[in-house]
$ cat run.cif   # mmCIF, C-alpha atoms (C1' of nucleotides)
data_final
#
loop_
_atom_site.label_atom_id
_atom_site.label_comp_id
_atom_site.auth_asym_id
_atom_site.auth_seq_id
_atom_site.Cartn_x
_atom_site.Cartn_y
_atom_site.Cartn_z
CA MET A 16 90.63 82.03 93.32
CA ARG A 17 93.14 84.41 91.81
CA ILE A 18 94.62 86.88 94.29
CA ALA A 19 96.84 89.81 93.35
CA THR A 20 98.83 92.28 95.43
CA TYR A 21 99.55 95.65 93.84
CA ASN A 22 101.11 98.83 95.22
CA ILE A 23 99.33 101.38 93.03
CA ASN A 24 101.11 104.55 94.24
CA GLY A 25 98.00 106.66 94.69
CA VAL A 26 94.43 105.72 93.74
CA LYS A 27 93.62 109.21 92.53
CA ALA A 28 96.63 109.37 90.23
CA ARG A 29 96.31 105.71 89.15
CA ILE A 30 92.57 105.18 88.77
CA GLU A 31 92.58 104.72 84.98
CA THR A 32 95.63 102.46 85.15
CA VAL A 33 94.09 100.27 87.85
CA LEU A 34 90.72 100.02 86.10
CA ALA A 35 92.40 99.02 82.83
CA TRP A 36 94.34 96.38 84.75
CA LEU A 37 91.18 95.01 86.37
CA ASP A 38 89.43 94.88 83.01
CA ASP A 39 92.34 92.98 81.44
CA SER A 40 93.49 90.76 84.28
CA ALA A 41 90.28 90.31 86.29
CA PRO A 42 91.59 89.13 89.65
CA ASP A 43 89.03 87.69 92.06
CA VAL A 44 90.75 89.51 94.89
CA ALA A 45 93.09 92.53 94.66
CA LEU A 46 95.04 93.80 97.65
CA LEU A 47 96.04 97.40 97.02
CA GLN A 48 98.70 99.40 98.83
CA GLU A 49 99.54 103.10 98.90
CA ILE A 50 96.03 104.22 98.05
CA LYS A 51 97.04 107.62 99.52
CA SER A 52 93.39 108.41 100.19
CA VAL A 53 91.07 108.75 103.12
CA ASP A 54 88.23 106.21 103.11
CA GLU A 55 85.59 108.83 102.29
CA ALA A 56 87.46 109.96 99.17
CA PHE A 57 88.18 106.48 97.79
CA PRO A 58 86.53 106.14 94.34
CA ARG A 59 84.37 103.11 95.15
CA ALA A 60 81.88 103.40 92.27
CA PRO A 61 84.03 102.28 89.31
CA PHE A 62 85.18 99.23 91.28
CA GLU A 63 81.68 98.34 92.42
CA GLU A 64 80.44 98.73 88.84
CA ARG A 65 82.95 96.01 87.92
CA GLY A 66 81.53 93.68 90.53
CA TYR A 67 84.03 94.24 93.34
CA ASN A 68 83.27 94.56 97.00
CA VAL A 69 85.47 97.36 98.35
CA GLU A 70 87.03 97.63 101.81
CA THR A 71 89.52 100.38 102.55
CA HIS A 72 91.78 101.48 105.38
CA GLY A 73 93.15 104.84 104.37
CA GLN A 74 94.69 108.01 105.74
CA LYS A 75 95.42 111.45 104.39
CA GLY A 76 98.25 111.77 101.91
CA PHE A 77 100.26 108.63 102.49
CA ASN A 78 100.04 104.87 102.98
CA GLY A 79 96.59 103.27 102.92
CA VAL A 80 95.49 99.76 101.93
CA ALA A 81 92.37 98.29 100.35
CA ILE A 82 90.77 94.99 99.40
CA LEU A 83 88.75 94.52 96.22
CA SER A 84 86.89 91.21 95.99
CA LYS A 85 84.40 89.70 93.62
CA ARG A 86 83.49 87.24 96.35
CA PRO A 87 81.81 88.18 99.61
CA LEU A 88 84.07 89.47 102.39
CA GLU A 89 83.45 88.78 106.05
CA ASP A 90 85.04 89.80 109.36
CA VAL A 91 86.95 92.78 107.98
CA THR A 92 89.46 94.25 110.44
CA ARG A 93 91.76 97.24 110.08
CA GLY A 94 95.15 97.94 111.64
CA LEU A 95 97.95 95.58 112.67
CA PRO A 96 97.51 94.56 116.32
CA GLY A 97 100.18 95.31 118.88
CA ASP A 98 100.37 99.11 119.03
CA ALA A 99 97.17 101.04 119.68
CA GLY A 100 99.07 104.28 119.12
CA ASP A 101 100.11 103.43 115.55
CA GLU A 102 98.15 105.76 113.28
CA GLN A 103 99.65 104.63 109.97
CA ALA A 104 97.18 102.78 107.72
CA ARG A 105 99.16 99.71 106.64
CA TRP A 106 97.07 96.62 107.39
CA ILE A 107 93.65 95.23 106.48
CA GLU A 108 92.24 91.70 106.89
CA ALA A 109 89.16 89.94 105.61
CA THR A 110 87.84 86.45 105.04
CA VAL A 111 87.06 85.72 101.40
CA MET A 112 84.21 83.27 101.07
CA GLY A 113 84.37 80.46 98.52
CA ALA A 114 84.74 76.69 98.21
CA ARG A 115 87.32 77.23 100.94
CA ALA A 116 87.22 80.38 103.06
CA VAL A 117 90.58 82.17 102.95
CA ARG A 118 91.81 84.72 105.48
CA ILE A 119 93.52 87.43 103.47
CA CYS A 120 95.74 90.15 104.91
CA GLY A 121 96.86 93.13 102.84
CA LEU A 122 99.94 94.89 104.16
CA TYR A 123 102.16 97.85 103.42
CA LEU A 124 105.30 97.30 105.45
CA PRO A 125 107.25 100.46 106.36
CA ASN A 126 110.14 101.46 104.12
CA GLY A 127 112.44 102.13 107.07
CA ASN A 128 114.95 104.50 105.46
CA PRO A 129 117.14 106.04 106.58
CA ALA A 130 118.71 103.24 108.57
CA PRO A 131 119.70 103.40 111.31
CA GLY A 132 117.20 105.83 112.78
CA PRO A 133 113.65 106.11 114.12
CA LYS A 134 112.08 105.09 110.82
CA TYR A 135 114.12 101.90 110.79
CA ASP A 136 113.20 101.25 114.40
CA TYR A 137 109.53 101.59 113.40
CA LYS A 138 110.03 99.13 110.53
CA LEU A 139 111.59 96.50 112.77
CA ALA A 140 108.95 96.99 115.46
CA TRP A 141 106.24 96.66 112.82
CA MET A 142 107.82 93.41 111.60
CA THR A 143 107.80 92.07 115.16
CA ARG A 144 104.07 92.83 115.34
CA LEU A 145 103.59 91.17 111.94
CA GLU A 146 105.39 88.08 113.20
CA ALA A 147 103.04 87.90 116.18
CA ARG A 148 99.95 88.28 113.99
CA ALA A 149 101.29 85.72 111.51
CA LYS A 150 101.81 83.27 114.36
CA THR A 151 98.26 83.75 115.64
CA LEU A 152 96.80 83.27 112.17
CA LEU A 153 98.86 80.12 111.63
CA ALA A 154 97.30 78.60 114.72
CA SER A 155 93.88 78.77 113.04
CA GLU A 156 95.05 76.01 110.66
CA GLU A 157 92.99 77.67 107.93
CA PRO A 158 94.19 78.96 104.55
CA VAL A 159 95.88 82.32 105.22
CA VAL A 160 97.48 84.71 102.73
CA LEU A 161 99.73 87.57 103.91
CA ALA A 162 100.27 89.71 100.83
CA GLY A 163 101.55 93.14 100.04
CA ASP A 164 104.46 95.49 99.67
CA TYR A 165 106.89 94.10 102.23
CA ASN A 166 109.68 96.57 101.44
CA VAL A 167 112.02 93.62 101.90
CA ILE A 168 114.55 92.32 99.35
CA PRO A 169 114.79 88.77 100.72
CA GLN A 170 118.06 87.77 99.07
CA ASP A 171 120.74 89.29 96.82
CA GLU A 172 119.23 87.51 93.81
CA ASP A 173 116.11 89.65 94.30
CA ALA A 174 117.92 92.81 93.17
CA ALA A 175 119.53 93.60 89.82
CA ARG A 176 122.29 95.47 91.68
CA PRO A 177 122.43 94.00 95.18
CA GLU A 178 125.52 96.02 96.06
CA ALA A 179 123.49 99.23 95.66
CA TRP A 180 121.04 98.02 98.34
CA ALA A 181 123.46 96.47 100.82
CA SER A 182 123.08 99.20 103.44
CA ASP A 183 119.47 100.07 102.60
CA ALA A 184 116.59 99.40 105.00
CA LEU A 185 115.09 97.04 102.40
CA ALA A 186 118.06 94.70 102.44
CA LEU A 187 119.91 95.08 105.74
CA PRO A 188 120.67 91.81 107.57
CA GLN A 189 118.23 92.71 110.37
CA THR A 190 115.47 93.26 107.79
CA ARG A 191 116.15 89.96 106.07
CA ALA A 192 116.33 88.12 109.38
CA ALA A 193 112.98 89.54 110.47
CA PHE A 194 111.42 88.45 107.18
CA ARG A 195 112.90 84.97 107.50
CA ARG A 196 111.59 84.66 111.05
CA ILE A 197 108.06 85.18 109.72
CA VAL A 198 108.52 82.71 106.86
CA ASN A 199 110.10 80.22 109.25
CA LEU A 200 106.98 80.15 111.39
CA GLY A 201 105.68 77.90 108.63
CA TYR A 202 104.72 80.15 105.74
CA THR A 203 105.55 79.54 102.09
CA GLU A 204 106.81 82.47 100.04
CA ALA A 205 104.65 81.80 97.00
CA PHE A 206 106.90 83.08 94.24
CA ARG A 207 110.05 81.31 95.39
CA ALA A 208 108.15 78.08 95.86
CA ARG A 209 107.65 78.06 92.10
CA VAL A 210 110.38 80.14 90.45
CA GLN A 211 114.12 80.12 91.21
CA GLY A 212 117.00 82.28 90.08
CA PRO A 213 117.72 85.96 89.54
CA GLY A 214 116.02 88.48 87.27
CA HIS A 215 112.53 88.54 88.79
CA TYR A 216 111.46 91.93 90.13
CA SER A 217 108.28 93.69 91.24
CA PHE A 218 109.53 97.31 91.54
CA TRP A 219 111.48 99.57 89.22
CA ASP A 220 112.25 103.15 90.26
CA TYR A 221 110.84 105.95 88.12
CA GLN A 222 114.32 107.48 88.03
CA ALA A 223 117.29 106.86 85.76
CA GLY A 224 115.49 104.58 83.32
CA ALA A 225 115.33 101.71 85.81
CA TRP A 226 112.59 99.88 83.89
CA SER A 227 114.29 100.13 80.51
CA ARG A 228 117.50 98.80 82.06
CA ASN A 229 115.59 96.15 84.10
CA ASP A 230 117.21 97.59 87.22
CA GLY A 231 114.59 96.26 89.61
CA ILE A 232 114.03 94.71 93.02
CA ARG A 233 111.57 92.07 94.26
CA ILE A 234 109.79 93.43 97.32
CA ASP A 235 106.11 92.50 96.83
CA HIS A 236 105.39 89.10 98.31
CA LEU A 237 102.65 86.61 99.16
CA LEU A 238 103.18 84.37 102.17
CA LEU A 239 100.91 81.32 102.38
CA SER A 240 100.02 79.25 105.41
CA PRO A 241 100.45 75.48 104.86
CA GLN A 242 96.72 75.15 104.21
CA ALA A 243 96.90 77.90 101.57
CA ALA A 244 100.17 76.64 100.07
CA ASP A 245 98.54 73.26 99.49
CA LEU A 246 95.94 75.03 97.32
CA MET A 247 98.43 77.01 95.17
CA THR A 248 98.41 76.24 91.46
CA GLU A 249 100.18 79.32 90.08
CA CYS A 250 102.25 82.34 91.08
CA ARG A 251 103.54 85.01 88.76
CA ILE A 252 104.74 88.60 88.55
CA GLU A 253 102.81 90.69 86.04
CA ALA A 254 105.91 92.62 85.02
CA GLU A 255 104.46 93.83 81.73
CA GLN A 256 102.22 96.23 83.67
CA ARG A 257 105.33 98.36 84.34
CA GLY A 258 105.52 99.20 80.63
CA ARG A 259 101.94 100.40 80.30
CA GLU A 260 100.57 103.92 80.29
CA LYS A 261 101.10 105.92 83.53
CA PRO A 262 102.33 102.93 85.51
CA SER A 263 102.87 102.54 89.21
CA ASP A 264 106.49 101.89 90.12
CA HIS A 265 105.32 98.47 91.39
CA VAL A 266 103.60 95.72 89.40
CA PRO A 267 100.98 93.16 90.51
CA VAL A 268 102.06 89.79 91.88
CA TRP A 269 99.60 86.92 91.61
CA VAL A 270 98.78 83.65 93.24
CA THR A 271 96.06 81.24 92.18
CA LEU A 272 94.54 79.05 94.86
CA ASP A 273 92.24 76.10 94.18
CA ALA A 274 89.66 77.54 96.57
"C1'" DA B 5 127.03 108.46 97.23
"C1'" DT B 6 123.09 110.35 95.55
"C1'" DG B 7 118.23 110.63 94.41
"C1'" DG B 8 117.87 112.47 88.21
"C1'" DC B 9 110.94 110.69 89.18
"C1'" DG B 10 106.46 111.01 90.85
"C1'" DA B 11 102.49 111.82 94.20
"C1'" DC B 12 100.66 114.73 97.55
"C1'" DA B 13 99.71 118.74 100.64
"C1'" DC B 14 99.37 123.15 99.75
"C1'" DA B 15 99.72 126.99 97.24
"C1'" DA B 16 106.20 127.39 96.08
"C1'" DT B 17 108.31 124.35 97.94
"C1'" DG B 18 108.84 120.34 101.37
"C1'" DT B 19 108.00 115.42 102.45
"C1'" DC B 20 108.00 110.86 101.31
"C1'" DG B 21 108.93 106.83 98.79
"C1'" DA B 22 112.59 102.78 97.54
#
$ encode --input "run.cif" --output "structure tokens"
Amino acid sequence: MRIATYNINGVKARIETVLAWLDDSAPDVALLQEIKSVDEAFPRAPFEERGYNVETHGQKGFNGVAILSKRPLEDVTRGLPGDAGDEQARWIEATVMGARAVRICGLYLPNGNPAPGPKYDYKLAWMTRLEARAKTLLASEEPVVLAGDYNVIPQDEDAARPEAWASDALALPQTRAAFRRIVNLGYTEAFRARVQGPGHYSFWDYQAGAWSRNDGIRIDHLLLSPQAADLMTECRIEAEQRGREKPSDHVPVWVTLDA
DNA sequence: ATGGCGACACAATGTCGA
């Protein structure tokens, strides 16, 4: 089972790009972030024509997450538990059926800038809720994948210019500590379990020629429960997608599970 | 230190992202 996470920066603006990617790369499951669409306006047909089941959790204008899956999906839930008043569409879960059923969570973690401030407070509170959900899911002792745009640069080696991000909400010590607390519950960060060292990024800003200068950051992650980590056979960043026609500013990140 | 880009809501600029 090949699972990809991909912040597409608007499904309406990116539809041709995403369809070309699906045709070339053919993931079994794709977790999309920043669909920037309400559910009723999401262009389901071209995905369904390609054999994908489509589940969305959108809102008007911003945010929004979706799951595309060639395998059946069960028990779909929307919204991160822990704050009934949170109206931002940033979380969707489903169980993907297969040789092993896998609980898959697609997330779009808040950016949090400027920090300090209310947006940063929201980010940290959201991460506390994520930690609680991650802990609950771990207790199931089933394969679990928490994947998406975390808006977290875990370590300095995950940025081409770490000094430029030192006081940014993506890299502040409190942000990194909150991310580590989740990993330290018992999750495996898929990419770093397989690839070490600097120079691996998943986002390049549209501005100032960031892609051509490889001035990137690694902020899209897949966290695997022990039962999922045991099934991992591959993890890679599909960086070449950043150089294609009308790209998102993020690229897909992949994990393959023997499930 | 900032935000040069890009998407979106809404109708010319403002907000947001990272």
$ residues_near_point --input "run.cif" --point "(120.1, 112.2, 93.5)" --cutoff "10 Å" --atoms "all atoms listed in the file" --output "PyMOL selection string"
(chain A and resi 222-223) or (chain B and resi 5-8)
$ closest_residue --input "run.cif" --among "A:Gly66, A:Gly113, A:Gly25, A:Pro267" --to "chain B" --atoms "only C-alpha atoms (C1' of nucleotides)"
A:Gly25
$ residues_near_point --input "run.cif" --point "(108.4, 93.2, 111.6)" --cutoff "10 Å" --atoms "all atoms listed in the file" --output "PDB file with C-alpha atoms, in the frame of the given file"
ATOM      1  CA  LEU A 124     105.300  97.300 105.450  1.00  0.00           C
ATOM      2  CA  PRO A 125     107.250 100.460 106.360  1.00  0.00           C
ATOM      3  CA  ASP A 136     113.200 101.250 114.400  1.00  0.00           C
ATOM      4  CA  TYR A 137     109.530 101.590 113.400  1.00  0.00           C
ATOM      5  CA  LYS A 138     110.030  99.130 110.530  1.00  0.00           C
ATOM      6  CA  LEU A 139     111.590  96.500 112.770  1.00  0.00           C
ATOM      7  CA  ALA A 140     108.950  96.990 115.460  1.00  0.00           C
ATOM      8  CA  TRP A 141     106.240  96.660 112.820  1.00  0.00           C
ATOM      9  CA  MET A 142     107.820  93.410 111.600  1.00  0.00           C
ATOM     10  CA  THR A 143     107.800  92.070 115.160  1.00  0.00           C
ATOM     11  CA  ARG A 144     104.070  92.830 115.340  1.00  0.00           C
ATOM     12  CA  LEU A 145     103.590  91.170 111.940  1.00  0.00           C
ATOM     13  CA  GLU A 146     105.390  88.080 113.200  1.00  0.00           C
ATOM     14  CA  ALA A 147     103.040  87.900 116.180  1.00  0.00           C
ATOM     15  CA  TYR A 165     106.890  94.100 102.230  1.00  0.00           C
ATOM     16  CA  GLN A 189     118.230  92.710 110.370  1.00  0.00           C
ATOM     17  CA  THR A 190     115.470  93.260 107.790  1.00  0.00           C
ATOM     18  CA  ALA A 192     116.330  88.120 109.380  1.00  0.00           C
ATOM     19  CA  ALA A 193     112.980  89.540 110.470  1.00  0.00           C
ATOM     20  CA  PHE A 194     111.420  88.450 107.180  1.00  0.00           C
ATOM     21  CA  ARG A 196     111.590  84.660 111.050  1.00  0.00           C
ATOM     22  CA  ILE A 197     108.060  85.180 109.720  1.00  0.00           C
TER      23      ILE A 197
END
$ resolve_selection --input "run.cif" --expression "the PyMOL selection byres ((chain B) within 9 of (chain A))" --output "ChimeraX atom specification"
/B:7-13,20-22
$ atom_distance --input "run.cif" --atom1 "CA of Asn229 (chain A)" --atom2 "CA of Ile23 (chain A)"
19.3 Å
$ build_atoms --input "run.cif" --residues "region 58-69 of chain A" --atoms "all heavy atoms" --output "short mmCIF file (atom, residue, chain, number, x, y, z; two decimals), keeping the file's coordinate frame"
data_model
loop_
_atom_site.label_atom_id
_atom_site.label_comp_id
_atom_site.auth_asym_id
_atom_site.auth_seq_id
_atom_site.Cartn_x
_atom_site.Cartn_y
_atom_site.Cartn_z
N PRO A 58 87.50 106.24 95.44
CA PRO A 58 86.53 106.14 94.34
C PRO A 58 85.93 104.74 94.23
O PRO A 58 86.32 103.94 93.38
CB PRO A 58 87.36 106.50 93.11
CG PRO A 58 88.75 106.07 93.47
CD PRO A 58 88.90 106.33 94.94
N ARG A 59 84.95 104.46 95.08
CA ARG A 59 84.37 103.11 95.15
C ARG A 59 83.60 102.72 93.90
O ARG A 59 83.60 101.56 93.48
CB ARG A 59 83.42 103.02 96.34
CG ARG A 59 84.00 103.45 97.66
CD ARG A 59 82.93 103.44 98.75
NE ARG A 59 82.41 102.11 98.96
CZ ARG A 59 82.91 101.24 99.85
NH1 ARG A 59 83.90 101.60 100.63
NH2 ARG A 59 82.39 100.03 99.96
N ALA A 60 82.88 103.72 93.31
CA ALA A 60 81.88 103.40 92.27
C ALA A 60 82.44 102.61 91.08
O ALA A 60 81.86 101.58 90.71
CB ALA A 60 81.21 104.69 91.79
N PRO A 61 83.57 103.03 90.48
CA PRO A 61 84.03 102.28 89.31
C PRO A 61 84.43 100.84 89.64
O PRO A 61 84.34 99.96 88.79
CB PRO A 61 85.24 103.09 88.82
CG PRO A 61 85.63 103.95 89.95
CD PRO A 61 84.39 104.23 90.73
N PHE A 62 84.85 100.61 90.88
CA PHE A 62 85.18 99.23 91.28
C PHE A 62 83.90 98.42 91.50
O PHE A 62 83.80 97.27 91.07
CB PHE A 62 86.04 99.25 92.54
CG PHE A 62 87.36 99.95 92.35
CD1 PHE A 62 87.60 101.18 92.94
CD2 PHE A 62 88.35 99.38 91.56
CE1 PHE A 62 88.81 101.83 92.76
CE2 PHE A 62 89.56 100.03 91.36
CZ PHE A 62 89.80 101.26 91.96
N GLU A 63 82.95 99.05 92.16
CA GLU A 63 81.68 98.34 92.42
C GLU A 63 80.95 98.05 91.11
O GLU A 63 80.32 96.99 90.97
CB GLU A 63 80.82 99.18 93.38
CG GLU A 63 81.41 99.22 94.78
CD GLU A 63 80.72 100.21 95.72
OE1 GLU A 63 79.98 101.08 95.24
OE2 GLU A 63 80.95 100.10 96.94
N GLU A 64 81.07 98.97 90.15
CA GLU A 64 80.44 98.73 88.84
C GLU A 64 81.04 97.51 88.15
O GLU A 64 80.39 96.88 87.32
CB GLU A 64 80.64 99.96 87.94
CG GLU A 64 79.75 101.14 88.32
CD GLU A 64 80.23 102.45 87.68
OE1 GLU A 64 81.13 102.40 86.80
OE2 GLU A 64 79.72 103.51 88.07
N ARG A 65 82.29 97.19 88.50
CA ARG A 65 82.95 96.01 87.92
C ARG A 65 82.75 94.77 88.77
O ARG A 65 83.39 93.74 88.53
CB ARG A 65 84.44 96.31 87.74
CG ARG A 65 84.69 97.25 86.57
CD ARG A 65 86.08 97.84 86.60
NE ARG A 65 86.40 98.56 85.36
CZ ARG A 65 85.96 99.79 85.09
NH1 ARG A 65 85.19 100.44 85.95
NH2 ARG A 65 86.29 100.38 83.95
N GLY A 66 81.90 94.86 89.76
CA GLY A 66 81.53 93.68 90.53
C GLY A 66 82.38 93.42 91.75
O GLY A 66 82.31 92.34 92.34
N TYR A 67 83.16 94.42 92.17
CA TYR A 67 84.03 94.24 93.34
C TYR A 67 83.40 94.80 94.61
O TYR A 67 82.85 95.91 94.60
CB TYR A 67 85.39 94.91 93.11
CG TYR A 67 86.26 94.18 92.12
CD1 TYR A 67 86.32 94.59 90.79
CD2 TYR A 67 87.01 93.08 92.52
CE1 TYR A 67 87.11 93.91 89.87
CE2 TYR A 67 87.81 92.40 91.60
CZ TYR A 67 87.85 92.81 90.28
OH TYR A 67 88.63 92.15 89.38
N ASN A 68 83.49 94.02 95.67
CA ASN A 68 83.27 94.56 97.00
C ASN A 68 84.52 95.34 97.38
O ASN A 68 85.64 94.91 97.09
CB ASN A 68 83.02 93.43 98.00
CG ASN A 68 81.76 92.66 97.66
OD1 ASN A 68 80.66 93.22 97.66
ND2 ASN A 68 81.90 91.38 97.35
N VAL A 69 84.36 96.46 98.05
CA VAL A 69 85.47 97.36 98.35
C VAL A 69 85.57 97.59 99.85
O VAL A 69 84.59 98.00 100.49
CB VAL A 69 85.27 98.73 97.65
CG1 VAL A 69 86.43 99.68 97.98
CG2 VAL A 69 85.14 98.54 96.13
#
